[in-house]
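Right, one structure below, let's go through it.
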Amino acid sequence: LVFSSLVLGTGGLAGWQAQRYFWKRELINDRRALLEAAPRELADVLRETHTSSPQEYTRVSVTGRFDHEHEVLVGPRSPPPGTVGLATDTPEVQSGWLVLTPLLADGDDDVGAMVNRGWVPRDRTHELDRPTGTVRVEGVIRSGEKSGSFTLANDIDGGRYFWIDLPTMALRAELFGAMPPLVDAAPSSGSLDASGAWPRPRPVDSHLAFRVMPEMHVVYASTWAALSAATAVMTAVRFRR
């Protein structure tokens, strides 16, 4: 019974990892289709979806003015995927901050966004570029974050954030009538380009990266399948004796 359970258990895990492989491939293909689409005006996307939370990874663009007075540094964080190569002028890869800044769209006081302008090393915050006047931002719609079991609590009154709590950030900015969407700025966003100044946004295609890529699910499935086969052979040999 024990050996039979091991065969079934490891076989089931192999099948589950195979299912995860196909699910992950489909997820990546769906996300790629969104990321490869041309950016659309944020106001149009919000009107069509009738919500402040459009589909995640939708490409959008918005023109407006940053409110740097209500800028929020979130972290400390390691460099997001795709930004390590952009930080080669730092002595070493280190922790830093995500820079989130409210943006109010020109000509429409009801449209705005919390823009994740990118990542800055903790010892380079004095070099942050804070563009004034009208800017045009292209980026990707993202969801906010949720506090985990081991995540420190945000100090909202002190403006100290360890994770992206979009509702309280919007209230703190006092600029929006409704909760704004979160937009991860793309490197092609004019003055937000990753070529020089801090903060540096992550490349759009880096949003296709997962902690466990589909190929690893194949490895896991193969490992469990091999264990299942080996256990089956051991079981057959045992019961033949």
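In the structure tokens, each chain is lettered A, B, ... as it comes, each chain's residues begin at 1, and ligands are numbered from 1 in order of appearance.
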
Notebook entry, point to check: Could you pull out all residues of region 2-239 of chain A with a DSSP call of alpha helix (DSSP H) and give them as a PyMOL selection string?
Noted result: chain A and resi 2-36+42-49+166-173+214-239

Check: Got a sec: who's within 12 Å of Leu6 (chain A), counting only C-alpha atoms, leaving out chain neighbours fewer than 2 positions off, as an MDAnalysis selection string?
Finding: chainID A and resid 1:4 8:13 224:225 227:235

Kindly save the residues from that selection, with N, CA and C atoms included, as a compact mmCIF listing (two decimals), in the first residue's frame.
```
# COMPACT_ATOMS: atom_id res chain seq x y z
N LEU A 1 0.83 -1.20 0.00
CA LEU A 1 0.00 0.00 0.00
C LEU A 1 0.87 1.27 0.00
N VAL A 2 1.96 1.19 0.79
CA VAL A 2 2.84 2.36 0.88
C VAL A 2 3.49 2.63 -0.47
N PHE A 3 4.00 1.57 -1.10
CA PHE A 3 4.66 1.75 -2.39
C PHE A 3 3.67 2.21 -3.46
N SER A 4 2.46 1.65 -3.42
CA SER A 4 1.45 2.07 -4.39
C SER A 4 1.09 3.54 -4.21
N LEU A 8 1.47 6.52 -7.02
CA LEU A 8 0.36 7.40 -7.39
C LEU A 8 0.65 8.85 -7.04
N GLY A 9 1.25 9.05 -5.86
CA GLY A 9 1.54 10.42 -5.41
C GLY A 9 2.52 11.12 -6.31
N THR A 10 3.65 10.46 -6.62
CA THR A 10 4.66 11.09 -7.48
C THR A 10 4.15 11.23 -8.92
N GLY A 11 3.33 10.26 -9.34
CA GLY A 11 2.73 10.37 -10.67
C GLY A 11 1.77 11.54 -10.75
N GLY A 12 1.00 11.73 -9.68
CA GLY A 12 0.08 12.86 -9.64
C GLY A 12 0.81 14.19 -9.66
N LEU A 13 1.93 14.25 -8.94
CA LEU A 13 2.71 15.49 -8.94
C LEU A 13 3.31 15.77 -10.32
N TRP A 224 9.49 14.22 -11.08
CA TRP A 224 8.45 13.44 -10.41
C TRP A 224 8.09 12.19 -11.21
N ALA A 225 8.08 12.30 -12.54
CA ALA A 225 7.77 11.14 -13.37
C ALA A 225 8.84 10.07 -13.22
N LEU A 227 10.76 9.61 -10.58
CA LEU A 227 10.58 9.02 -9.25
C LEU A 227 9.41 8.04 -9.24
N SER A 228 8.34 8.40 -9.95
CA SER A 228 7.17 7.52 -10.02
C SER A 228 7.52 6.22 -10.71
N ALA A 229 8.27 6.34 -11.84
CA ALA A 229 8.67 5.14 -12.57
C ALA A 229 9.60 4.27 -11.73
N ALA A 230 10.56 4.90 -11.06
CA ALA A 230 11.50 4.14 -10.23
C ALA A 230 10.77 3.44 -9.09
N THR A 231 9.83 4.14 -8.49
CA THR A 231 9.06 3.53 -7.39
C THR A 231 8.20 2.38 -7.90
N ALA A 232 7.66 2.54 -9.11
CA ALA A 232 6.85 1.47 -9.70
C ALA A 232 7.70 0.23 -9.94
N VAL A 233 8.93 0.44 -10.44
CA VAL A 233 9.83 -0.69 -10.66
C VAL A 233 10.18 -1.37 -9.33
N MET A 234 10.49 -0.58 -8.33
CA MET A 234 10.81 -1.14 -7.02
C MET A 234 9.64 -1.92 -6.44
N THR A 235 8.45 -1.39 -6.64
CA THR A 235 7.25 -2.08 -6.14
C THR A 235 7.06 -3.41 -6.85
```

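Considering only C-alpha atoms, the residue among A:Val74, A:Trp16, A:Arg136, A:Met216 positioned nearest to Asp165 (chain A) is A:Val74.
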
Item checked: Residue contacts of region 59-71 of chain A (9 Å, only C-alpha atoms) excluding same-chain residues fewer than 2 positions away, as a PyMOL selection string -> chain A and resi 34-43+45+56-57+73+99-107+112-113+115+130-141+159+169+172-175+183+189

Note to self: When you look at Phe22 (chain A) with a cut-off of 12 Å (counting only C-alpha atoms), what residues show up, excluding the ones that are within fewer than 3 positions of it in the same chain? I need them as an NGL selection string.
What the structure shows: :A and (15-19 or 25-29 or 213-218 or 221)

Notebook entry, point to check: What separation in Å, quoted to one decimal, exists between CA of Pro201 (chain A) and CA of Pro76 (chain A)?
Noted result: 15.9 Å

Notebook entry, point to check: Which of these residues is nearest to Val219 (chain A), using only C-alpha atoms: A:Leu98, A:Ala33, A:Ala153, A:Ala14?
Noted result: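 The closest residue to Val219 (chain A) is A:Ala14.
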
Checklist line | Atomic distance CA of Asp123 (chain A) - CA of Arg77 (chain A), expressed in Å with one decimal | finding: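 Taking CA of Asp123 (chain A) as the start and CA of Arg77 (chain A) as the end point, the length is 12.8 Å.
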
Item checked: strand (DSSP E or B) residues, from DSSP on the backbone, in region 99-163 of chain A, as a ChimeraX atom specification -> /A:99-105,112-121,128,134-142,155,160-161

Once you have the residues from the selection above, write them out as a PDB file, in the first residue's frame, restricted to C-alpha atoms.
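Saved file result_17.pdb follows:
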```pdb
ATOM      1  CA  VAL A  99       9.628  55.648  -6.724  1.00  0.00           C
ATOM      2  CA  LEU A 100       5.853  56.173  -6.934  1.00  0.00           C
ATOM      3  CA  THR A 101       4.540  59.605  -7.888  1.00  0.00           C
ATOM      4  CA  PRO A 102       0.939  60.791  -8.417  1.00  0.00           C
ATOM      5  CA  LEU A 103       0.200  62.133 -11.881  1.00  0.00           C
ATOM      6  CA  LEU A 104      -2.845  64.254 -12.716  1.00  0.00           C
ATOM      7  CA  ALA A 105      -3.876  64.159 -16.372  1.00  0.00           C
ATOM      8  CA  GLY A 112      -4.902  60.354 -12.945  1.00  0.00           C
ATOM      9  CA  ALA A 113      -2.542  57.576 -11.965  1.00  0.00           C
ATOM     10  CA  MET A 114      -0.026  56.519  -9.400  1.00  0.00           C
ATOM     11  CA  VAL A 115       3.069  56.099 -11.545  1.00  0.00           C
ATOM     12  CA  ASN A 116       5.836  53.728 -10.560  1.00  0.00           C
ATOM     13  CA  ARG A 117       8.622  55.751 -12.161  1.00  0.00           C
ATOM     14  CA  GLY A 118      11.223  53.049 -11.521  1.00  0.00           C
ATOM     15  CA  TRP A 119      13.920  51.907  -9.120  1.00  0.00           C
ATOM     16  CA  VAL A 120      16.721  53.860  -7.480  1.00  0.00           C
ATOM     17  CA  PRO A 121      19.591  52.519  -5.316  1.00  0.00           C
ATOM     18  CA  LEU A 128      16.357  61.528  -8.427  1.00  0.00           C
ATOM     19  CA  THR A 134       3.685  68.546 -18.686  1.00  0.00           C
ATOM     20  CA  VAL A 135       5.081  65.056 -19.243  1.00  0.00           C
ATOM     21  CA  ARG A 136       3.853  62.109 -21.259  1.00  0.00           C
ATOM     22  CA  VAL A 137       4.115  58.713 -19.627  1.00  0.00           C
ATOM     23  CA  GLU A 138       3.767  55.375 -21.355  1.00  0.00           C
ATOM     24  CA  GLY A 139       3.530  52.311 -19.211  1.00  0.00           C
ATOM     25  CA  VAL A 140       1.788  49.161 -18.108  1.00  0.00           C
ATOM     26  CA  ILE A 141      -1.239  48.821 -15.834  1.00  0.00           C
ATOM     27  CA  ARG A 142      -0.353  46.912 -12.678  1.00  0.00           C
ATOM     28  CA  ASP A 155       3.749  53.748   8.311  1.00  0.00           C
ATOM     29  CA  ARG A 160       7.045  55.018   5.015  1.00  0.00           C
ATOM     30  CA  TYR A 161       5.952  52.199   2.704  1.00  0.00           C
TER      31      TYR A 161
END
```

Notebook entry, point to check: Quick one: of A:Val111, A:Pro79, A:Leu182, A:Ile164, who's nearest to Gln55 (chain A), counting only C-alpha atoms?
Noted result: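 Closest to Gln55 (chain A) of all the choices is A:Leu182.
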
Margin query: Under the rule that only C-alpha atoms are counted, which of A:Ser5, A:Thr151, A:Thr125, A:Thr49 is the nearest residue to Pro181 (chain A)?
Written below: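 Closest candidate: A:Thr49.
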
Check: So how far away is CA of Ala185 (chain A) from CA of Pro199 (chain A), in Å?
Finding: 10.3 Å

Next item on the list: Please identify all polymer residues within 10 Å of Arg124 (chain A), counting only C-alpha atoms, omitting same-chain residues fewer than 6 positions from it, and present them as a PyMOL selection string.
Entry: chain A and resi 90+96-97+198-199

Export of the given selection (all heavy atoms) as a PDB file, in the first residue's frame:
```
ATOM      1  N   THR A  90      26.582  51.501 -10.740  1.00  0.00           N
ATOM      2  CA  THR A  90      26.618  51.464  -9.288  1.00  0.00           C
ATOM      3  C   THR A  90      27.721  50.513  -8.869  1.00  0.00           C
ATOM      4  O   THR A  90      28.052  49.565  -9.589  1.00  0.00           O
ATOM      5  CB  THR A  90      25.277  50.994  -8.702  1.00  0.00           C
ATOM      6  OG1 THR A  90      24.991  49.697  -9.227  1.00  0.00           O
ATOM      7  CG2 THR A  90      24.163  51.949  -9.056  1.00  0.00           C
ATOM      8  N   GLY A  96      17.266  49.069  -2.954  1.00  0.00           N
ATOM      9  CA  GLY A  96      16.903  50.447  -3.230  1.00  0.00           C
ATOM     10  C   GLY A  96      15.419  50.649  -3.049  1.00  0.00           C
ATOM     11  O   GLY A  96      14.779  49.952  -2.251  1.00  0.00           O
ATOM     12  N   TRP A  97      14.865  51.600  -3.803  1.00  0.00           N
ATOM     13  CA  TRP A  97      13.469  51.986  -3.615  1.00  0.00           C
ATOM     14  C   TRP A  97      12.747  52.054  -4.959  1.00  0.00           C
ATOM     15  O   TRP A  97      13.329  52.442  -5.969  1.00  0.00           O
ATOM     16  CB  TRP A  97      13.389  53.366  -2.950  1.00  0.00           C
ATOM     17  CG  TRP A  97      14.297  53.541  -1.787  1.00  0.00           C
ATOM     18  CD1 TRP A  97      15.533  54.126  -1.797  1.00  0.00           C
ATOM     19  CD2 TRP A  97      14.056  53.134  -0.436  1.00  0.00           C
ATOM     20  NE1 TRP A  97      16.070  54.110  -0.537  1.00  0.00           N
ATOM     21  CE2 TRP A  97      15.190  53.504   0.320  1.00  0.00           C
ATOM     22  CE3 TRP A  97      12.991  52.496   0.209  1.00  0.00           C
ATOM     23  CZ2 TRP A  97      15.294  53.252   1.675  1.00  0.00           C
ATOM     24  CZ3 TRP A  97      13.098  52.245   1.562  1.00  0.00           C
ATOM     25  CH2 TRP A  97      14.223  52.620   2.277  1.00  0.00           C
ATOM     26  N   TRP A 198      18.109  58.765 -12.566  1.00  0.00           N
ATOM     27  CA  TRP A 198      17.324  57.912 -11.665  1.00  0.00           C
ATOM     28  C   TRP A 198      15.970  58.569 -11.431  1.00  0.00           C
ATOM     29  O   TRP A 198      15.898  59.782 -11.432  1.00  0.00           O
ATOM     30  CB  TRP A 198      18.051  57.719 -10.334  1.00  0.00           C
ATOM     31  CG  TRP A 198      19.384  57.073 -10.457  1.00  0.00           C
ATOM     32  CD1 TRP A 198      20.592  57.701 -10.431  1.00  0.00           C
ATOM     33  CD2 TRP A 198      19.667  55.680 -10.617  1.00  0.00           C
ATOM     34  NE1 TRP A 198      21.607  56.793 -10.577  1.00  0.00           N
ATOM     35  CE2 TRP A 198      21.062  55.543 -10.681  1.00  0.00           C
ATOM     36  CE3 TRP A 198      18.850  54.540 -10.703  1.00  0.00           C
ATOM     37  CZ2 TRP A 198      21.684  54.302 -10.839  1.00  0.00           C
ATOM     38  CZ3 TRP A 198      19.468  53.311 -10.857  1.00  0.00           C
ATOM     39  CH2 TRP A 198      20.871  53.204 -10.924  1.00  0.00           C
ATOM     40  N   PRO A 199      14.904  57.788 -11.218  1.00  0.00           N
ATOM     41  CA  PRO A 199      14.842  56.323 -11.162  1.00  0.00           C
ATOM     42  C   PRO A 199      14.817  55.714 -12.556  1.00  0.00           C
ATOM     43  O   PRO A 199      14.574  56.416 -13.541  1.00  0.00           O
ATOM     44  CB  PRO A 199      13.510  56.067 -10.453  1.00  0.00           C
ATOM     45  CG  PRO A 199      12.647  57.207 -10.889  1.00  0.00           C
ATOM     46  CD  PRO A 199      13.573  58.397 -10.955  1.00  0.00           C
TER      47      PRO A 199
END
```
